[in-house]
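Trainee: Dropping in protein-v7.txt, which is compact mmCIF, C-alpha atoms:
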# COMPACT_ATOMS: atom_id res chain seq x y z
CA MET A 11 95.13 56.07 144.73
CA ASN A 12 94.85 56.75 141.01
CA ILE A 13 91.83 59.04 141.57
CA PHE A 14 93.81 60.99 144.17
CA LYS A 15 96.62 61.68 141.65
CA THR A 16 94.08 62.86 139.06
CA ILE A 17 92.38 65.20 141.54
CA ALA A 18 95.75 66.53 142.75
CA ALA A 19 96.92 67.17 139.17
CA ALA A 20 93.65 68.95 138.32
CA ALA A 21 93.87 71.08 141.48
CA LEU A 22 97.48 71.97 140.69
CA ALA A 23 96.61 72.92 137.09
CA ALA A 24 93.62 74.99 138.21
CA GLY A 25 95.68 76.70 140.89
CA THR A 26 98.36 77.57 138.34
CA LEU A 27 95.85 79.01 135.89
CA PHE A 28 93.85 80.98 138.43
CA GLY A 29 96.99 81.96 140.35
CA ALA A 30 98.50 83.62 137.27
CA THR A 31 95.28 85.55 136.69
CA ALA A 32 95.15 86.66 140.31
CA ALA A 33 98.80 87.68 140.19
CA ASP A 34 98.20 89.71 137.02
CA ALA A 35 95.16 91.40 138.56
CA ALA A 36 97.16 92.26 141.67
CA TYR A 37 100.00 93.68 139.58
CA TRP A 38 97.93 95.70 137.15
CA GLY A 39 95.11 96.57 139.53
CA ALA A 40 91.43 96.07 138.93
CA MET A 41 91.04 98.96 136.44
CA HIS A 42 94.45 98.89 134.78
CA ARG A 43 94.84 95.54 133.10
CA PRO A 44 96.50 95.64 129.69
CA GLY A 45 93.80 96.49 127.20
CA ASP A 46 91.48 98.17 129.71
CA ASN A 47 91.14 101.95 129.50
CA HIS A 48 93.71 102.06 126.75
CA VAL A 49 93.74 105.45 125.05
CA VAL A 50 95.10 105.64 121.52
CA ARG A 51 96.38 109.08 120.74
CA TYR A 52 96.32 109.82 117.01
CA ILE A 53 98.57 112.67 116.02
CA PRO A 54 98.05 113.38 112.33
CA GLY A 55 101.08 114.11 110.23
CA PRO A 56 101.18 116.58 107.37
CA HIS A 57 98.48 115.99 104.77
CA ARG A 58 99.74 114.45 101.54
CA TRP A 59 97.79 115.62 98.53
CA VAL A 60 97.07 113.19 95.71
CA ARG A 61 95.87 113.67 92.18
CA GLY A 62 92.09 113.48 91.85
CA GLU A 63 91.44 114.57 95.44
CA ARG A 64 89.29 117.62 96.08
CA PHE A 65 91.33 120.59 97.30
CA VAL A 66 89.97 121.63 100.68
CA PRO A 67 91.94 124.46 102.30
CA VAL A 68 91.02 123.22 105.79
CA TYR A 69 94.25 121.18 106.07
CA GLY A 70 96.44 124.25 106.63
CA ARG A 71 97.59 127.46 105.09
CA PHE A 72 97.83 127.82 101.35
CA ALA A 73 98.77 130.52 98.85
CA LEU A 74 97.76 131.10 95.27
CA VAL A 75 100.73 131.05 92.90
CA ASP A 76 100.50 133.73 90.23
CA ASP A 77 104.16 133.58 89.16
CA TRP A 78 104.27 129.95 88.06
CA ARG A 79 107.31 130.65 85.85
CA GLY A 80 109.27 131.92 88.85
CA TYR A 81 108.63 128.65 90.66
CA ARG A 82 109.55 126.71 87.49
CA LEU A 83 106.11 125.12 87.25
CA PRO A 84 104.46 124.16 83.96
CA ARG A 85 101.87 126.48 82.54
CA PRO A 86 98.45 125.79 84.08
CA VAL A 87 95.90 124.29 81.75
CA PHE A 88 92.76 126.23 80.86
CA ASP A 89 90.40 126.74 83.81
CA ALA A 90 93.03 125.79 86.46
CA HIS A 91 95.43 127.54 88.82
CA TRP A 92 98.47 126.69 90.96
CA VAL A 93 98.24 126.63 94.76
CA ARG A 94 101.11 126.20 97.22
CA ALA A 95 100.21 124.14 100.32
CA GLY A 96 103.22 123.45 102.53
CA GLY A 97 106.02 122.25 100.29
CA GLU A 98 103.68 121.02 97.58
CA TYR A 99 102.38 122.85 94.53
CA LEU A 100 98.92 121.78 93.43
CA LEU A 101 97.30 122.38 90.07
CA VAL A 102 93.63 122.81 90.99
CA SER A 103 90.66 122.93 88.63
CA ASN A 104 88.63 126.14 88.96
CA ARG A 105 85.37 124.41 88.08
CA THR A 106 85.50 121.22 90.19
CA GLY A 107 88.17 121.94 92.80
CA ARG A 108 89.91 118.65 91.99
CA ILE A 109 93.70 118.38 92.02
CA LEU A 110 95.01 117.85 88.52
CA ASP A 111 98.73 117.65 89.34
CA VAL A 112 101.02 117.64 92.39
CA VAL A 113 104.61 118.92 92.39
CA VAL A 114 106.59 118.31 95.59
CA ARG A 115 109.42 120.72 96.45
CA TYR A 116 110.77 121.35 99.93
Mind turning this structure into structure tokens?

Mentor:
Amino acid sequence: MNIFKTIAAAALAAGTLFGATAADAAYWGAMHRPGDNHVVRYIPGPHRWVRGERFVPVYGRFALVDDWRGYRLPRPVFDAHWVRAGGEYLLVSNRTGRILDVVVRY
């Protein structure tokens, strides 16, 4: 009688485990279980420039700033120029293309 209870408990536990899996498969379908065919859509936000990064104009439109006084920017150091990219003003080195300073104004 004791063996019968053990077998019945094991059958009940196995039925519960496999029944939940079968129920999930029936609900989600064979090809649409959570985690299967999951597409992650990455929508990039605006690029944030940082000091030391190389200025690559691929990230959007930019404009050279000749009137740095009119925009109340500090005078560019020797061999550098100001560039406006979005709402940020970048001081870019002419020789290396690296960003020397970032001023954010929106």

Trainee: List as a PDB file with C-alpha atoms, in the coordinates of the input the protein and nucleic acid residues near Ala90 (chain A), meaning an atom at most 9 Å away when all atoms listed in the file are counted, but skip any in the same chain fewer than 5 places from it.

Mentor:
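Contents of the output file selection26.pdb:
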ATOM      1  CA  LEU A 101      97.300 122.380  90.070  1.00  0.00           C
ATOM      2  CA  VAL A 102      93.630 122.810  90.990  1.00  0.00           C
ATOM      3  CA  SER A 103      90.660 122.930  88.630  1.00  0.00           C
ATOM      4  CA  ASN A 104      88.630 126.140  88.960  1.00  0.00           C
ATOM      5  CA  ARG A 105      85.370 124.410  88.080  1.00  0.00           C
ATOM      6  CA  GLY A 107      88.170 121.940  92.800  1.00  0.00           C
ATOM      7  CA  LEU A 110      95.010 117.850  88.520  1.00  0.00           C
TER       8      LEU A 110
END

Trainee: Just the number, please: distance in Å from CA of Phe88 (chain A) to CA of His57 (chain A), one decimal.

Mentor: 26.6 Å

Trainee: Select, from A:Val93, A:Val112, A:Val87, A:Ile13, the residue with the minimum atom-to-atom distance to Val66 (chain A), counting all atoms listed in the file.

Mentor: A:Val93

Trainee: Can you measure CA of Arg108 (chain A) to CA of Phe65 (chain A) for me? One decimal in Å is fine.

Mentor: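 Value for the CA of Arg108 (chain A)-CA of Phe65 (chain A) distance: 5.8 Å.
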
Trainee: Give as JSON, numbers by chain every residue, naming chains and numbers as the document does, that has an atom within 9 Å of (105.0, 123.9, 97.1), counting all atoms listed in the file.

Mentor: {"A": [81, 93, 94, 95, 96, 97, 98, 99, 100, 112, 113, 114, 115, 116]}

Trainee: One decimal, in Å: what's the spacing between CA of His91 (chain A) and CA of Ala73 (chain A)?

Mentor: 11.0 Å

Trainee: Using all atoms listed in the file, pick whichever of A:Pro84, A:Gly70, A:Lys15, A:Thr106 has the shortest atom-to-atom distance to Arg58 (chain A).

Mentor: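 Distance minimum relative to Arg58 (chain A) lands on A:Gly70.
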